[in-house]
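Asks: Here it is: the structure, laid out below.
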Amino acid sequence: MHQNHRDHEGAEKLFDLIKDVKVAMMTTVDSDGTLNSRPMWNNDIDQNGDLWFFTKLHSPKTAEISRDNQVNLAYSDPSSQNYVSVAGKAEVIRDQALIDQKWNTSLKTWFPNGKDDPEVALIRVCPEKGEYWDSPNATMLHLYGTVKAALTGESPKTETEKVKLS
């Protein structure tokens with residue numbers, strides 16, 4: 001049975017912070033050891049806490065994942081001052097039933113031939129650890145923190161927590 005990544009302290013807050021962020025930066029490891037990052041549409045977080053993304057089956061990122069499945073996902077929501085980093089193991093999945101289940105029409109932008117295109121695949125990221133930075137998100141509170149920092153030299157309070165997810 002697949003592990004539930006939501007059963008760890010701090011996990012629900014981490015997943016709550018990323019659920020409405022539309023784009024994550026996915027970082028993979030190239031064959032020469034360098035890191036490659038690219039934007040990925042944040043498609044789904046399932047009940048176990050696995051993160052799902054659509055991809056083309058034959059792409060540089062799928063080749064990189066097949067060589068080294070360690071990835072990092074970076075989420076940023078500057079409007080609410082929330083930032084999240086998730087590290088985990090990725091796998092490329094070509095399962096038509098899952099593709100059908102997770103498909104939505106906005107994906108036709110990237111996959112004009114639709115969900116039945118043989119190049120459509122999924123990437124599942126099984127999180128191992130994460131970290132979030134949750135800053136004051138109310139505009140006045142943020143402005144107050146900025147002014148206070150300028151006057152006192154004391155930076156605004158940011159909640160940060162490392163979360164073990166596996």
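Just so we're on the same page: first chain in the structure tokens is A, next is B, and so on; residues restart at 1 for each chain, and ligands are numbered from 1 in the order they show up.
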At most 9 Å is the cut-off: for each residue in region 35-85 of chain A with any atom that close to an atom of region 9-16 of chain A, write down the nearest atom pair and the distance in Å rounded to one decimal, counting only C-alpha atoms, chain first then increasing number, as a Markdown table.

Replies:
```
| residue | atom | partner | partner_atom | distance |
| --- | --- | --- | --- | --- |
| A:Ile45 | CA | A:Phe15 | CA | 7.9 |
| A:Gly49 | CA | A:Phe15 | CA | 7.5 |
| A:Val84 | CA | A:Leu14 | CA | 7.2 |
```

Asks: I'd like the contact shell of Asn36 (chain A) - 10 Å cut-off, only C-alpha atoms, skipping same-chain residues fewer than 2 positions apart - returned as number ranges by chain.

Replies: A: 25-30, 33-34, 38, 60-61, 64, 71

Asks: If we count only C-alpha atoms, what is near region 111-122 of chain A at a cut-off of 8 Å, once residues fewer than 2 positions away on the same chain are taken out, given as a list in words?

Replies: Trp52, Phe53, Phe54, Thr55, Lys56, Leu57, His58, Val92, Ile93, Arg94, Asp95, Gln96, Ile99, Asp100, Trp103, Leu107, Lys108, Thr109 and Arg124 of chain A

Asks: Write a file of the just-selected residues containing N, CA, C and O atoms, as a short mmCIF file (atom, residue, chain, number, x, y, z; two decimals), in the first residue's frame.

Replies:
```
data_model
loop_
_atom_site.label_atom_id
_atom_site.label_comp_id
_atom_site.auth_asym_id
_atom_site.auth_seq_id
_atom_site.Cartn_x
_atom_site.Cartn_y
_atom_site.Cartn_z
N TRP A 52 0.53 15.41 -8.44
CA TRP A 52 0.38 14.91 -9.81
C TRP A 52 0.53 16.05 -10.81
O TRP A 52 -0.03 17.12 -10.63
N PHE A 53 1.24 15.74 -11.90
CA PHE A 53 1.47 16.69 -12.98
C PHE A 53 1.34 15.96 -14.31
O PHE A 53 1.75 14.81 -14.43
N PHE A 54 0.80 16.66 -15.31
CA PHE A 54 0.78 16.12 -16.66
C PHE A 54 2.07 16.49 -17.37
O PHE A 54 2.66 17.54 -17.12
N THR A 55 2.51 15.59 -18.26
CA THR A 55 3.74 15.82 -19.02
C THR A 55 3.65 15.10 -20.35
O THR A 55 2.76 14.28 -20.56
N LYS A 56 4.58 15.41 -21.22
CA LYS A 56 4.74 14.63 -22.45
C LYS A 56 5.64 13.45 -22.12
O LYS A 56 6.66 13.61 -21.44
N LEU A 57 5.26 12.29 -22.60
CA LEU A 57 5.98 11.06 -22.28
C LEU A 57 7.45 11.15 -22.69
O LEU A 57 8.33 10.73 -21.93
N HIS A 58 7.72 11.70 -23.85
CA HIS A 58 9.10 11.83 -24.32
C HIS A 58 9.51 13.29 -24.22
O HIS A 58 9.31 14.07 -25.14
N VAL A 92 7.19 8.47 -13.68
CA VAL A 92 6.37 8.75 -14.85
C VAL A 92 5.39 7.60 -15.00
O VAL A 92 5.78 6.43 -14.97
N ILE A 93 4.11 7.95 -15.16
CA ILE A 93 3.06 6.94 -15.23
C ILE A 93 2.27 7.14 -16.51
O ILE A 93 1.83 8.24 -16.82
N ARG A 94 2.08 6.07 -17.23
CA ARG A 94 1.24 6.09 -18.44
C ARG A 94 0.10 5.11 -18.20
O ARG A 94 0.15 3.96 -18.58
N ASP A 95 -0.92 5.58 -17.49
CA ASP A 95 -2.10 4.79 -17.14
C ASP A 95 -3.32 5.58 -17.62
O ASP A 95 -3.64 6.63 -17.05
N GLN A 96 -3.97 5.08 -18.65
CA GLN A 96 -5.06 5.83 -19.27
C GLN A 96 -6.20 6.10 -18.30
O GLN A 96 -6.81 7.17 -18.33
N ILE A 99 -5.11 9.03 -16.26
CA ILE A 99 -5.12 10.22 -17.11
C ILE A 99 -6.54 10.71 -17.30
O ILE A 99 -6.82 11.91 -17.16
N ASP A 100 -7.47 9.80 -17.58
CA ASP A 100 -8.88 10.17 -17.74
C ASP A 100 -9.43 10.80 -16.47
O ASP A 100 -10.15 11.80 -16.51
N TRP A 103 -7.69 14.38 -15.88
CA TRP A 103 -7.73 15.32 -17.01
C TRP A 103 -8.73 16.44 -16.77
O TRP A 103 -9.80 16.23 -16.20
N LEU A 107 -6.05 21.60 -19.92
CA LEU A 107 -4.81 20.95 -20.33
C LEU A 107 -4.65 20.88 -21.85
O LEU A 107 -3.56 20.64 -22.35
N LYS A 108 -5.74 21.11 -22.59
CA LYS A 108 -5.65 21.10 -24.06
C LYS A 108 -4.69 22.17 -24.57
O LYS A 108 -4.19 22.06 -25.69
N THR A 109 -4.42 23.18 -23.77
CA THR A 109 -3.44 24.20 -24.15
C THR A 109 -2.09 23.54 -24.42
O THR A 109 -1.41 23.86 -25.39
N ARG A 124 3.98 11.43 -10.97
CA ARG A 124 3.56 11.41 -9.57
C ARG A 124 4.79 11.67 -8.72
O ARG A 124 5.82 11.01 -8.86
#
```

Asks: Just list the residues in region 4-63 of chain A DSSP gives alpha helix (DSSP H) on the backbone, as an MDAnalysis selection string.

Replies: chainID A and resid 11:18 60:63

Asks: For Ser80 (chain A), which residue out of A:Val23, A:Ser135, A:Lys164, A:Glu128 is the nearest one, using only C-alpha atoms?

Replies: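 Nearest candidate to Ser80 (chain A) out of A:Val23, A:Ser135, A:Lys164, A:Glu128: A:Ser135.
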
Asks: Residues of region 32-152 of chain A classed as strand (DSSP E or B) by DSSP on the backbone are to be reported as a ChimeraX atom specification.

Replies: /A:35-41,44-45,51-56,70-77,82-93,120-134

Asks: From the set A:Asp44, A:Asp68, A:Asp32, A:Glu91, which residue has the shortest atom-to-atom contact distance to Ile18 (chain A), counting only C-alpha atoms?

Replies: A:Asp44

Asks: What is the CA of Pro39 (chain A) to CA of Glu131 (chain A) distance in Å?

Replies: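 If I compute the distance from CA of Pro39 (chain A) to CA of Glu131 (chain A), I get 19.0 Å.
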
Asks: When you draw a straight line from CA of Leu98 (chain A) to CA of Trp41 (chain A), how long is it in Å?

Replies: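 It comes out at 16.7 Å.
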